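**Student:** Here it is, the structure in full.
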Amino acid sequence: EIVDGVSVPEALSELLSSCLDKDDPGRLSAERFPSLKVLRNEIASLRRQCLDRANALMLTPSFVEMLAAPPGGGGARAPPKAAFGEMNGRFVVPVAPTFKNRMGGIVHDVSRTGRTAYVEPPDLVGPTNDMRRAEAELRQEEQRILRAITQQIVGATEYITRSVGAAAQLDLASARLRLGDDLRGTVPEVGEGGTIRVKDARHPVLALRPDVTVVGNDVSLGEDGENGLVLTGPNSGGKTVVLKLLGLLALMAQDGIPVPAAPGARVDLFRPILADIGDMQEIDGDLSTFSGHLLVCREVLAR
C-alpha cells in the first residue's frame, strides 16, 4: 500500500533523470537540450580564437617589450606564457604605465603600487566581446530551460507531495527493520490484555553498545491476574533500567520496532503510556519525595 503512493508522471520522471550532465551534475545536460550544446561549442570555439590571438601577440617583440616586469623580477619582462590572465571574463596583460597609451585597448585595473596596468589588448576586444555575448545567450537559455522544468514540477506538486510522503514511510519502515536487526530483536505477539511477557530482554541503549555484555531479564506482567511488579535489589543493581526497559518495550511494540528479547515475546498495546519521571518534592507545600510520587501515581491510576 505504501509503494502505491509513489507515483510521478512518466514525462516528468524522464525529464528529471536526464536533465543534468552525467559527468558534471551541477549543470544542465547538453545531450538533453541541444541548444545548450550549440552555445557551449560556440563559446569554446571563440575562446580558442582569443587564445590563438593572444599567443600570436606574444610572438611579437614590440608587444612583449611593453609588458610590465613581474614583482622581484629584477626588471625582466613577464614571461610570455605567464603574461596573459583573465579579469571579469576579459583577457588582460600586465603593462608598464608608460606603455599603456601606446598599447591602446581597455585598462581594466591598476596594481596597488601603480606600477602595473592590466590592459585588454585591442586585438582581443572584438573576439572577447563575441565570446561574452555567447556566454550571455547561454545563461539566458539555461534560465529558460530551468523555468520550463520548474513549471513542470509545480504542475506535479500533488504527485510529488504524495510520493515524498510514501518514501518517508518506506524509509521509516526500513529504519525500524534495521534497528531491530542491530538489537537482535524479535517481533512480539501483540494483544489488548495489558500483558508483557519477555525473556532475555535487554535495554536497547545497552544492547547497541558493542563494549558492553548485557545480562537479559525475564519479566512477566499482566498474566494470570498478576498486574503488579515489585523490583528489589541493591543500589546500581539495574532496577531503574528494568523499569525503563518495560516502558521502552511498550513504545517499541506500538511503533512496530522489533523488541530486544528472545523469540516468543509478548508485548501488548497500552493506551496511553504514562511515566512518573522526576521529583515533585516541595518543602513549602510539605510535599516529600515519596508524597510527590504518590500524587503522580494517583493521576496515572485515574487515567
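Simple scheme: letters A, B, ... for chains in C-alpha cells order, numbers from 1 for residues in each chain, numbers from 1 for ligands in the order shown.
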For Glu86 (chain A), list every protein, DNA or RNA residue within 12 Å, evaluated using only C-alpha atoms, and leave out those in the same chain fewer than 4 positions away; present the list as a list in words.
**Tutor:**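 Here the qualifying residues turn out to be Arg47, Cys50, Leu51, Ala54, Ala82, Arg90, Phe91, Val92, Val93, Pro94, His108, Asp109, Tyr118, Val119, Glu120, Leu124 and Thr128 of chain A.
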**Student:** Filtering to N, CA, C and O atoms, could you give me those residues as a compact mmCIF listing (two decimals), in the first residue's frame?
**Tutor:**
```txt
# COMPACT_ATOMS: atom_id res chain seq x y z
N ARG A 47 36.63 31.08 -27.51
CA ARG A 47 37.72 31.14 -26.53
C ARG A 47 39.03 30.71 -27.16
O ARG A 47 40.09 31.31 -26.90
N CYS A 50 40.40 33.55 -29.16
CA CYS A 50 41.02 34.57 -28.30
C CYS A 50 42.43 34.14 -27.88
O CYS A 50 43.38 34.93 -27.91
N LEU A 51 42.55 32.88 -27.49
CA LEU A 51 43.86 32.39 -27.05
C LEU A 51 44.85 32.34 -28.21
O LEU A 51 46.05 32.62 -28.02
N ALA A 54 46.04 35.77 -28.65
CA ALA A 54 46.94 36.13 -27.55
C ALA A 54 48.32 35.51 -27.77
O ALA A 54 49.35 36.17 -27.57
N ALA A 82 53.21 33.43 -18.96
CA ALA A 82 52.61 33.85 -17.71
C ALA A 82 51.97 35.22 -17.79
O ALA A 82 51.39 35.70 -16.84
N ARG A 90 37.56 38.91 -19.11
CA ARG A 90 38.31 39.57 -20.20
C ARG A 90 39.78 39.16 -20.10
O ARG A 90 40.32 38.97 -19.01
N PHE A 91 40.46 39.05 -21.25
CA PHE A 91 41.87 38.70 -21.29
C PHE A 91 42.70 39.97 -21.14
O PHE A 91 42.53 40.93 -21.91
N VAL A 92 43.57 39.99 -20.15
CA VAL A 92 44.39 41.18 -19.89
C VAL A 92 45.86 40.78 -19.76
O VAL A 92 46.20 39.62 -19.50
N VAL A 93 46.73 41.80 -19.95
CA VAL A 93 48.18 41.61 -19.75
C VAL A 93 48.67 42.72 -18.84
O VAL A 93 48.13 43.84 -18.84
N PRO A 94 49.71 42.44 -18.04
CA PRO A 94 50.30 43.49 -17.20
C PRO A 94 51.21 44.38 -18.05
O PRO A 94 52.16 43.91 -18.69
N HIS A 108 41.60 47.71 -17.44
CA HIS A 108 40.60 47.16 -16.53
C HIS A 108 40.96 47.35 -15.07
O HIS A 108 40.06 47.35 -14.21
N ASP A 109 42.25 47.51 -14.77
CA ASP A 109 42.63 47.70 -13.37
C ASP A 109 44.08 48.18 -13.32
O ASP A 109 44.81 48.10 -14.33
N TYR A 118 46.60 46.72 -15.98
CA TYR A 118 46.11 45.48 -16.58
C TYR A 118 45.22 45.86 -17.76
O TYR A 118 44.11 46.37 -17.58
N VAL A 119 45.76 45.60 -18.95
CA VAL A 119 45.16 46.12 -20.18
C VAL A 119 44.68 44.98 -21.06
O VAL A 119 45.35 43.95 -21.21
N GLU A 120 43.50 45.16 -21.64
CA GLU A 120 42.98 44.23 -22.64
C GLU A 120 43.43 44.74 -24.01
O GLU A 120 43.01 45.81 -24.45
N LEU A 124 42.11 41.86 -28.96
CA LEU A 124 41.29 40.86 -28.29
C LEU A 124 39.92 41.39 -27.89
O LEU A 124 39.06 40.61 -27.46
N THR A 128 36.70 38.87 -27.75
CA THR A 128 36.20 38.67 -26.38
C THR A 128 34.76 39.12 -26.26
O THR A 128 33.95 38.48 -25.57
```
**Student:** I need the residues of region 89-159 of chain A that end up classed as helix (DSSP H, G or I) by DSSP on the backbone, written out as a PyMOL selection string.
**Tutor:** chain A and resi 97-103+122-155+157-159
**Student:** Excluding same-chain residues fewer than 3 positions from Gly222 (chain A), what lies within 12 Å of it counting only C-alpha atoms, as a list in words?
**Tutor:**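 In the requested format, the answer is Gly191, Glu192, Gly193, Gly194, Thr195, Ile196, Arg197, Val198, Val219, Gly225, Glu226, Asn227, Gly228, Leu229, Arg266, Val267, Asp268 and Phe270 of chain A.
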**Student:** Could you tell me how far CA of Val3 (chain A) lies from CA of Gln152 (chain A), in Å and to one decimal?
**Tutor:**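 Straight-line distance from CA of Val3 (chain A) to CA of Gln152 (chain A) works out to 22.9 Å.
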**Student:** A:Ile106, A:Leu183, A:Leu243, A:Leu59: which is nearest Val214 (chain A), counting only C-alpha atoms?
**Tutor:** A:Leu183
**Student:** Restricting the calculation to only C-alpha atoms: of A:Pro97, A:Gly126, A:Gly165, A:Gly105, which residue gets closest to Asp4 (chain A)?
**Tutor:**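 Looking at the shortest contact to Asp4 (chain A), the residue is A:Gly165.
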**Student:** Find, counting only C-alpha atoms, the residue in A:Asp130, A:Thr161, A:Ser291, A:Met252 that gets nearest to Gly180 (chain A).
**Tutor:**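 The closest residue to Gly180 (chain A) is A:Met252.
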